[in-house]
Amino acid sequence: MPTLHTLNRSPANIQLFEQLINTIRPGDTLLLLEDGVYYCLQNKLNRKIQDIQVYALKDDVHARGIPIEQSDVLLASYEDFVNLTCENDKLVNWY
Amino acid sequence: MPTLHTLNRSPANIQLFEQLINTIRPGDTLLLLEDGVYYCLQNKLNRKIQDIQVYALKDDVHARGIPIEQSDVLLASYEDFVNLTCENDKLVNWY
Amino acid sequence: MTADAPTTIDYDLLIVLQHAPYSSAQANEALDLALAGGTFDQRVALLFIEDGVYQLMSEQAPDAAQQKNLEKMLNALSFYGVNTLAVESHSLFERDLHPEKHINPKLNLELLNAKSIQALYDRSKTVIRF
Amino acid sequence: MTADAPTTIDYDLLIVLQHAPYSSAQANEALDLALAGGTFDQRVALLFIEDGVYQLMSEQAPDAAQQKNLEKMLNALSFYGVNTLAVESHSLFERDLHPEKHINPKLNLELLNAKSIQALYDRSKTVIRF
Amino acid sequence: MKLSILVLGSPYNSQAAYSALRYTQAALDSGHEIYRVFFYQDGVHACSNLPAPPQDEFNTYEAWQTLQEKHELDCVTCIAAAARRGVLNEEESKRHNLPAFNLATQFSLSGLGQLIEANAESDRLVTFGA
Amino acid sequence: MKLSILVLGSPYNSQAAYSALRYTQAALDSGHEIYRVFFYQDGVHACSNLPAPPQDEFNTYEAWQTLQEKHELDCVTCIAAAARRGVLNEEESKRHNLPAFNLATQFSLSGLGQLIEANAESDRLVTFGA
């Protein structure tokens with residue numbers, strides 16, 4: 001059952017990220033929003049999770065002034081967020 | 001200038017503790033309150049800070065069911081907390 | 001389990017408790033929701049993880065801080081049909097908490113490792129973190 | 001400096017900013033206090049540390065999230081006589097933030113290590129964290 | 001699809017109420033059904049009709065009220081969480097003998113059963129945590 | 001000694017208002033002067049007169065009101081932080097054209113200058129953060 005995971009805390013919340021890493025599976029999707037979009041600044045993410053498509057909520061990325069260059073992260077609108085919720089069989093919100 | 005430091009977050013807040021460790025000096029005093037009293041469960045504290053008298057707020061310790069045995073931590077009442085504020089030249093609250 | 005294996009949904013709701021008690025209403029209000037779930041005959045599981053494991057300590061005496069006793073609420077869960085109380089082992093270990101020494105003996109707790117927690121998520125329709 | 005060395009109090013108030021902007025009003029309301037301090041001719045210093053360093057990023061466009069622009073408040077500080085803006089270097093480093101590349105160039109920031117931060121605390125009468 | 005929304009954070013302490021608003025709006029625009037929006041814990045503060053944010057700040061409170069009216073959303077505020085935090089409708093205010101009430105008319109007070117039922121009836125429960 | 005108190009957290013999301021209450025009480029019992037108590041950020045929620053906590057929970061709101069009256073404390077609620085969060089006195093309520101007001105009469109609304117001045121006038125500013 002492919003699952004959409006959302007994460008809205010910054011990389012400083014190490015324990016939360018570890019819980020997510022232990023639960024997420026290849027084929028799942030990760031959507032970063034709110035302070036979760038700060039993961040886009042770091043390469044850490046791609047090394048830790050493989051075969052996971054990562055999205056970041058566009059408005060939250062722009063608000064915070066985060067440059068998205070040569071990154072594997074795709075920008076998502078709120079509509080995309082809704083679509084991802086429905087396309088995946090399940091949803092887990094991490095905060 | 002001897003300083004009273006108070007800490008009300010649990011040991012899970014690693015970065016906050018590191019900031020405190022970088023700022024506290026021999027001769028200073030540390031008062032644990034609220035979730036800060038969970039440090040009493042671990043030996044970590046004594047290894048990291050030397051020549052610092054550590055107190056824990058009694059009511060918060062009891063509320064959480066924390067056993068205080070053979071510990072270097074002294075229990076403090078709110079009156080003690082007030083006295084410590086005044087006896088030290090300065091005060092820094094960590095949260 | 002591989003990604004394609006079929007999964008049975010055993011729980012309508014998995015409540016994850018990740019915060020220490022008493023400093024906020026998180027624990028209290030999470031347990032209220034668990035009790036409500038039981039009342040409405042929903043299948044509810046609880047997972048205590050990170051600072052949430054502090055909620056399970058024996059000898060809590062919140063009267064000192066003029067608060068409601070969480071232990072009573074925890075002990076009441078089984079009367080409402082909420083019987084799955086899982087605890088992440090590593091969170092206990094990291095906090096120097098020993099089940100025999102520090103944890104409420106009345107609770108029927110299941111110690112889980114990371115792998116079994118993944119399975120618990122799989123078996124739950126919805127997850128809410130508190 | 002040893003524990004007995006005399007210390008001069010150079011700041012009436014040190015405001016420590018430890019949270020990212022926009023997800024809460026922490027940053028906004030901390031800067032409001034800094035501006036109030038400046039208005040009342042108090043000597044105010046700011047220290048950006050941990051996630052607080054994200055407040056200093058250039059090219060913030062909070063219109064997208066319908067929020068007030070923090071950069072404007074930061075740029076206004078000097079008009080109110082608040083000129084000490086310290087940043088903990090390690091917090092930048094840990095977040096892969098490079099001063100030339102990511103940080104608002106209009107701000108006159110002082111990069112501090114742990115030792116100099118201790119001195120900043122020493123020189124301040126009061127510390128408030130946000 | 002049938003979606004329900006859970007809001008757990010207060011407007012100025014978290015982005016929960018704002019993100020939930022934008023998500024709900026997008027779901028409705030995409031033709032999905034919003035079965036219920038439930039406000040719990042500090043999220044109940046989003047349901048007050050007394051906030052007066054400055055003109056240059058987005059008014060999340062008003063936006064929720066407008067969205068509810070436009071789509072006749074079922075917006076439920078947890079009665080117990082709200083009473084503890086001082087968010088009351090006229091009836092509750094009278095019952096507790098209090099001098100005023102502040103729940104916006106677009107929200108109704110009810111118990112946790114409404115959240116449990118929303119979870120049972122919806123394809124997904126989307127939680128906006130703090 | 002002359003002490004001032006700063007409260008930054010809301011009653012059910014943090015222990016700030018409760019700890020500050022007990023501290024202030026102890027300071028007065030020990031013969032110290034409380035120059036001012038200032039409520040900022042989500043701490044302003046402690047100043048509402050509408051909360052109705054269950055009988056078995058300690059009523060932090062009422063306890064602050066009682067303590068203020070007993071000692072004629074100068075309890076100041078930040079006017080800007082309070083307006084954003086829906087905590088208003090009669091005058092502010094009328095000015096913003098709102099249907100009710102909820103600031104307990106024991107508190108007065110004023111600006112951040114009152115916090116800056118309290119820091120300048122007091123020997124210590126004790127902050128209860130969230």
# chains A, B, ... in the order shown; residues from 1 in each chain; ligands from 1
>>> interface_residues(of="chain C", to="chain E", cutoff="10 Å", atoms="only C-alpha atoms", output="ChimeraX atom specification")
/C:12-13,25-26,29-30,32-42,125-130
>>> write_last_selection(atoms="C-alpha atoms", output="short mmCIF file (atom, residue, chain, number, x, y, z; two decimals), in the first residue's frame")
data_model
loop_
_atom_site.label_atom_id
_atom_site.label_comp_id
_atom_site.auth_asym_id
_atom_site.auth_seq_id
_atom_site.Cartn_x
_atom_site.Cartn_y
_atom_site.Cartn_z
CA ASP C 12 -9.26 2.25 12.67
CA LEU C 13 -6.94 4.60 14.51
CA ALA C 25 -2.31 18.80 27.61
CA GLN C 26 -0.99 16.66 24.73
CA GLU C 29 -6.13 14.98 25.17
CA ALA C 30 -4.61 12.09 23.22
CA ASP C 32 -9.32 11.35 25.76
CA LEU C 33 -9.43 10.60 22.06
CA ALA C 34 -8.43 6.97 22.68
CA LEU C 35 -11.27 6.62 25.21
CA ALA C 36 -13.71 8.23 22.77
CA GLY C 37 -12.60 5.76 20.10
CA GLY C 38 -13.24 2.88 22.46
CA THR C 39 -16.65 4.26 23.39
CA PHE C 40 -17.66 4.28 19.73
CA ASP C 41 -16.42 0.72 19.26
CA GLN C 42 -13.52 1.73 17.07
CA LYS C 125 -6.16 3.06 8.69
CA THR C 126 -5.30 6.42 10.21
CA VAL C 127 -2.42 7.73 12.31
CA ILE C 128 -2.68 10.77 14.58
CA ARG C 129 0.37 12.02 16.49
CA PHE C 130 0.13 13.87 19.79
#
>>> residues_around(residues="Leu32 of chain B", least_positions_apart="5", cutoff="7 Å", atoms="only C-alpha atoms", output="short mmCIF file (atom, residue, chain, number, x, y, z; two decimals) with N, CA and C atoms, in the first residue's frame")
data_model
loop_
_atom_site.label_atom_id
_atom_site.label_comp_id
_atom_site.auth_asym_id
_atom_site.auth_seq_id
_atom_site.Cartn_x
_atom_site.Cartn_y
_atom_site.Cartn_z
N THR B 6 18.18 28.04 34.30
CA THR B 6 17.04 27.12 34.46
C THR B 6 16.80 26.43 33.13
N LEU B 7 16.38 25.17 33.20
CA LEU B 7 16.17 24.37 31.98
C LEU B 7 14.85 23.63 32.12
N ASN B 8 13.92 23.85 31.21
CA ASN B 8 12.60 23.20 31.34
C ASN B 8 12.24 22.27 30.18
N VAL B 37 13.27 18.13 34.47
CA VAL B 37 13.55 17.22 35.57
C VAL B 37 13.83 15.80 35.09
N TYR B 55 19.99 21.53 40.84
CA TYR B 55 18.75 21.38 41.58
C TYR B 55 17.64 20.91 40.64
N ALA B 56 16.63 20.26 41.20
CA ALA B 56 15.44 19.91 40.41
C ALA B 56 14.21 20.33 41.21
N LEU B 57 13.26 20.93 40.55
CA LEU B 57 12.06 21.43 41.22
C LEU B 57 11.22 20.26 41.72
#
>>> interface_residues(of="chain B", to="chain F", cutoff="10 Å", atoms="only C-alpha atoms", output="ChimeraX atom specification")
/B:6-9,33-35,60,77-83,85-86,89-95
>>> closest_residue(among="C:Asp96, C:Glu71, C:Ile49, C:Glu59", to="Tyr38 of chain B", atoms="only C-alpha atoms")
C:Asp96
>>> closest_atom_pairs(of="chain A", to="chain C", cutoff="7 Å", atoms="only C-alpha atoms", output="tab-separated table")
residue	atom	partner	partner_atom	distance
A:Met1	CA	C:Ala3	CA	6.9
A:Asn22	CA	C:Ala114	CA	6.2
A:Thr23	CA	C:Gln118	CA	5.0
A:Val92	CA	C:Val127	CA	6.1
>>> write_last_selection(atoms="N, CA and C atoms", output="PDB file, in the first residue's frame")
ATOM      1  N   MET A   1       0.833  -1.204   0.000  1.00  0.00           N
ATOM      2  CA  MET A   1       0.000   0.000   0.000  1.00  0.00           C
ATOM      3  C   MET A   1       0.875   1.265   0.000  1.00  0.00           C
ATOM      4  N   ASN A  22      12.338   5.107   9.515  1.00  0.00           N
ATOM      5  CA  ASN A  22      12.059   3.721   9.893  1.00  0.00           C
ATOM      6  C   ASN A  22      10.721   3.216   9.366  1.00  0.00           C
ATOM      7  N   THR A  23       9.874   4.121   8.942  1.00  0.00           N
ATOM      8  CA  THR A  23       8.513   3.737   8.568  1.00  0.00           C
ATOM      9  C   THR A  23       8.273   3.811   7.066  1.00  0.00           C
ATOM     10  N   VAL A  92       0.321   9.402   6.125  1.00  0.00           N
ATOM     11  CA  VAL A  92       0.824   9.603   7.480  1.00  0.00           C
ATOM     12  C   VAL A  92       1.410  11.006   7.569  1.00  0.00           C
TER      13      VAL A  92
END
>>> atom_distance(atom1="atom CA of Pro62 of chain C", atom2="atom CA of Asn28 of chain C")
12.5 Å
>>> atom_distance(atom1="atom CA of His19 of chain C", atom2="atom CA of Asp51 of chain C")
4.9 Å
>>> interface_residues(of="chain E", to="chain F", cutoff="6 Å", atoms="only C-alpha atoms", output="PyMOL selection string")
chain E and resi 50-53+83-86
>>> interface_residues(of="chain B", to="chain A", cutoff="9 Å", atoms="only C-alpha atoms", output="PyMOL selection string")
chain B and resi 12-13+15
